[in-house]
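First the structure, in the form of structure tokens, and then the observations on it.
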Amino acid sequence: MKTLVLGGVRSGKSRLAEQLADASGLHVTYVATARADDAEMARRIERHRADRPGDWDLIEADTGLAAALEEAARPDECLLVDCLTLWLTQLLCTEDEALIEREREALIATVPRLPGTLVFVSNETGMGITPMDALSRRFADEAGWLHQRLAPAMDRVVLTVAGLPHVLKGDSL
């Protein structure tokens with residue numbers, strides 16, 4: 001089962017993804033994409049760590065997400081990736097302009113052939129106002145394009161709003 005959980009900031013998407021991973025009955029590996037570049041992000045990361053079961057493994061994937069997933073995926077494993085938009089941020093903040101396209105294409109090509117259960121978390125950024133600066137607009141565009149490209153490869157897509165899941169594609173929860 002491959003699931004994409006979308007939602008805004010503090011929508012409950014990570015909590016839902018963790019529940020889905022736990023309910024899979026498989027061993028779970030949490031694939032973290034955030035970097036603690038400041039104290040506030042370090043606190044967020046620590047809160048996520050504290051909320052996770054102690055028997056879950058952890059992979060800290062920076063920009064090479066597709067390669068990390070390919071290495072970790074197993075038929076009897078659940079990989080929970082939190083989150084795709086933080087991963088996109090890492091890619092946008094590099095000096096290699098072509099890196100985002102290479103890594104996005106690698107992820108899109110890799111996901112359909114991965115064994116096991118996959119749960120992706122990502123921020124839905126396209127439901128608000130158009131950002132005023134170029135980098136923010138590019139981020140919103142990249143996130144939207146990534147979601148559109150990944151959704152067809154997913155068995156289930158869920159939009160989380162106010163802690164409530166709304167299944168957009170696939171079996172109900």
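Letters A, B, ... go to the chains of the structure tokens in the order shown; residues in each chain start at 1; ligands are counted from 1 in the same order.
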
Could you pull the residues within 12 Å of range 40-57 of chain A, counting only C-alpha atoms, minus those fewer than 6 positions along the same chain, as a PyMOL selection string? chain A and resi 10+14-15+17-19+21-22+26-34+72+77-80+82-83+86

For N, CA and C atoms, I'd like the residues from the last selection saved as a short mmCIF file (atom, residue, chain, number, x, y, z; two decimals), in the first residue's frame.
```
data_model
loop_
_atom_site.label_atom_id
_atom_site.label_comp_id
_atom_site.auth_asym_id
_atom_site.auth_seq_id
_atom_site.Cartn_x
_atom_site.Cartn_y
_atom_site.Cartn_z
N ARG A 10 -0.01 21.90 10.81
CA ARG A 10 -0.77 21.52 12.01
C ARG A 10 -2.17 20.98 11.67
N SER A 14 0.78 14.40 10.03
CA SER A 14 1.83 13.52 10.56
C SER A 14 1.24 12.51 11.54
N ARG A 15 0.34 12.94 12.37
CA ARG A 15 -0.31 12.03 13.32
C ARG A 15 -1.04 10.92 12.56
N ALA A 17 -0.44 9.87 9.49
CA ALA A 17 0.56 9.02 8.83
C ALA A 17 1.17 8.04 9.82
N GLU A 18 1.45 8.50 11.02
CA GLU A 18 2.01 7.61 12.06
C GLU A 18 1.01 6.54 12.44
N GLN A 19 -0.27 6.88 12.51
CA GLN A 19 -1.30 5.88 12.81
C GLN A 19 -1.40 4.84 11.70
N ALA A 21 1.01 4.00 9.59
CA ALA A 21 2.22 3.17 9.64
C ALA A 21 2.10 2.13 10.75
N ASP A 22 1.65 2.56 11.92
CA ASP A 22 1.51 1.65 13.05
C ASP A 22 0.49 0.55 12.74
N LEU A 26 3.54 -3.83 10.20
CA LEU A 26 4.90 -4.07 9.75
C LEU A 26 5.89 -3.31 10.61
N HIS A 27 7.14 -3.69 10.51
CA HIS A 27 8.19 -2.89 11.15
C HIS A 27 8.22 -1.54 10.45
N VAL A 28 8.35 -0.46 11.20
CA VAL A 28 8.31 0.89 10.64
C VAL A 28 9.69 1.54 10.70
N THR A 29 10.06 2.14 9.59
CA THR A 29 11.23 3.00 9.55
C THR A 29 10.75 4.39 9.19
N TYR A 30 11.07 5.33 10.04
CA TYR A 30 10.70 6.73 9.85
C TYR A 30 11.82 7.39 9.03
N VAL A 31 11.46 7.95 7.90
CA VAL A 31 12.42 8.61 7.03
C VAL A 31 12.21 10.11 7.19
N ALA A 32 13.13 10.74 7.92
CA ALA A 32 13.03 12.16 8.24
C ALA A 32 13.78 12.98 7.19
N THR A 33 13.17 14.08 6.79
CA THR A 33 13.79 14.94 5.77
C THR A 33 14.17 16.31 6.29
N ALA A 34 13.84 16.60 7.54
CA ALA A 34 14.11 17.94 8.10
C ALA A 34 15.54 18.04 8.60
N ALA A 72 16.21 1.17 1.70
CA ALA A 72 15.50 0.73 2.91
C ALA A 72 14.25 -0.10 2.64
N GLU A 77 8.31 -4.21 5.37
CA GLU A 77 8.70 -2.95 6.00
C GLU A 77 7.70 -1.86 5.62
N CYS A 78 7.45 -0.96 6.56
CA CYS A 78 6.68 0.25 6.27
C CYS A 78 7.62 1.44 6.40
N LEU A 79 7.74 2.20 5.35
CA LEU A 79 8.54 3.42 5.37
C LEU A 79 7.60 4.61 5.46
N LEU A 80 7.81 5.44 6.46
CA LEU A 80 7.03 6.65 6.64
C LEU A 80 7.94 7.84 6.36
N ASP A 82 8.46 11.75 6.25
CA ASP A 82 7.90 13.00 6.76
C ASP A 82 8.99 14.07 6.71
N CYS A 83 8.92 15.02 5.82
CA CYS A 83 7.87 15.21 4.85
C CYS A 83 8.47 15.64 3.51
N LEU A 86 9.48 19.45 3.16
CA LEU A 86 10.77 19.78 3.78
C LEU A 86 11.91 19.31 2.89
#
```

Kindly indicate which residue among A:Glu97, A:Ala67, A:Ala143, A:Phe120 lies nearest to Val158 in chain A, using only C-alpha atoms for the distances. A:Phe120

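Residues in contact with Thr3 in chain A at 7 Å, where only C-alpha atoms are counted and same-chain residues fewer than 3 positions away are skipped, are listed as Leu118, Val119, Phe120, Met154, Asp155, Arg156 and Val157 of chain A.
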
Using DSSP on the backbone, list every residue of range 2-34 of chain A that comes out as alpha helix (DSSP H), and give them as a PyMOL selection string. chain A and resi 13-23

Would you kindly return, as number ranges by chain, each protein, DNA or RNA residue with an atom no farther than 7 Å from any atom of Leu6 in chain A, considering only C-alpha atoms and excluding same-chain residues fewer than 3 positions away? A: 13, 121-124, 158-160

Those residues with all heavy atoms, as a short mmCIF file (atom, residue, chain, number, x, y, z; two decimals), in the first residue's frame please?
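Below you can see again.cif, which holds the result:
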```cif
data_model
loop_
_atom_site.label_atom_id
_atom_site.label_comp_id
_atom_site.auth_asym_id
_atom_site.auth_seq_id
_atom_site.Cartn_x
_atom_site.Cartn_y
_atom_site.Cartn_z
N LYS A 13 -1.71 15.78 9.74
CA LYS A 13 -1.22 14.85 8.72
C LYS A 13 -0.15 13.91 9.24
O LYS A 13 -0.18 12.72 8.94
CB LYS A 13 -0.75 15.59 7.47
CG LYS A 13 0.43 16.52 7.67
CD LYS A 13 0.66 17.39 6.44
CE LYS A 13 1.79 18.37 6.69
NZ LYS A 13 1.49 19.32 7.79
N VAL A 121 4.17 12.00 3.75
CA VAL A 121 3.52 13.17 4.32
C VAL A 121 4.00 14.38 3.54
O VAL A 121 5.19 14.50 3.23
CB VAL A 121 3.89 13.34 5.82
CG1 VAL A 121 3.28 14.61 6.39
CG2 VAL A 121 3.49 12.12 6.61
N SER A 122 3.08 15.29 3.22
CA SER A 122 3.47 16.50 2.52
C SER A 122 2.48 17.62 2.80
O SER A 122 1.30 17.37 3.05
CB SER A 122 3.55 16.25 1.01
OG SER A 122 4.30 17.25 0.36
N ASN A 123 2.99 18.83 2.77
CA ASN A 123 2.14 20.00 2.99
C ASN A 123 1.42 20.38 1.70
O ASN A 123 2.05 20.52 0.65
CB ASN A 123 2.98 21.20 3.45
CG ASN A 123 3.41 21.06 4.87
OD1 ASN A 123 2.63 21.27 5.78
ND2 ASN A 123 4.66 20.68 5.07
N GLU A 124 0.11 20.55 1.80
CA GLU A 124 -0.65 21.07 0.67
C GLU A 124 -0.51 22.58 0.71
O GLU A 124 -0.98 23.22 1.65
CB GLU A 124 -2.12 20.65 0.77
CG GLU A 124 -2.99 21.21 -0.31
CD GLU A 124 -2.45 20.97 -1.71
OE1 GLU A 124 -2.33 19.80 -2.11
OE2 GLU A 124 -2.13 21.97 -2.39
N VAL A 158 -4.85 11.06 0.84
CA VAL A 158 -5.71 11.58 1.90
C VAL A 158 -5.37 13.04 2.15
O VAL A 158 -4.20 13.39 2.28
CB VAL A 158 -5.51 10.78 3.21
CG1 VAL A 158 -6.44 11.29 4.30
CG2 VAL A 158 -5.71 9.29 2.99
N LEU A 159 -6.37 13.88 2.19
CA LEU A 159 -6.21 15.28 2.58
C LEU A 159 -6.68 15.41 4.02
O LEU A 159 -7.82 15.03 4.34
CB LEU A 159 -7.03 16.21 1.68
CG LEU A 159 -7.00 17.69 2.04
CD1 LEU A 159 -5.59 18.26 1.88
CD2 LEU A 159 -7.99 18.46 1.17
N THR A 160 -5.83 15.94 4.88
CA THR A 160 -6.16 16.09 6.29
C THR A 160 -6.43 17.56 6.59
O THR A 160 -5.60 18.42 6.30
CB THR A 160 -5.01 15.58 7.17
OG1 THR A 160 -4.69 14.26 6.76
CG2 THR A 160 -5.40 15.56 8.62
#
```

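The smallest atom-to-atom distance between Met1 in chain A and any of A:Glu101, A:Glu60, A:Glu70, A:Asp171, using only C-alpha atoms, is found for A:Asp171.
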
Would you pick out the contacts of Thr130 in chain A at 10 Å or less, using only C-alpha atoms, so that residues sharing its chain but fewer than 4 positions from it are not included, and give the list as a list in words? Thr125, Gly126, Ser136, Arg137, Ala140 and Asp141 of chain A

Written file, previous selection with N, CA and C atoms, as a CSV table (one decimal), in the first residue's frame:
```csv
chain,number,residue,atom,x,y,z
A,125,THR,N,0.2,23.1,-0.3
A,125,THR,CA,0.5,24.6,-0.3
A,125,THR,C,-0.4,25.3,-1.3
A,126,GLY,N,-1.2,24.7,-2.0
A,126,GLY,CA,-1.9,25.3,-3.1
A,126,GLY,C,-3.3,25.8,-2.8
A,136,SER,N,9.2,31.6,-2.8
A,136,SER,CA,8.0,31.0,-2.2
A,136,SER,C,7.0,30.6,-3.3
A,137,ARG,N,6.9,31.3,-4.4
A,137,ARG,CA,6.1,30.9,-5.5
A,137,ARG,C,6.7,29.6,-6.1
A,140,ALA,N,5.9,26.6,-3.9
A,140,ALA,CA,4.5,26.2,-4.0
A,140,ALA,C,4.2,25.5,-5.3
A,141,ASP,N,4.8,26.0,-6.4
A,141,ASP,CA,4.7,25.3,-7.7
A,141,ASP,C,5.3,23.9,-7.6
```

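Our summary of the geometry notes that CA of Thr85 in chain A is positioned 23.8 Å from CA of Ser24 in chain A.
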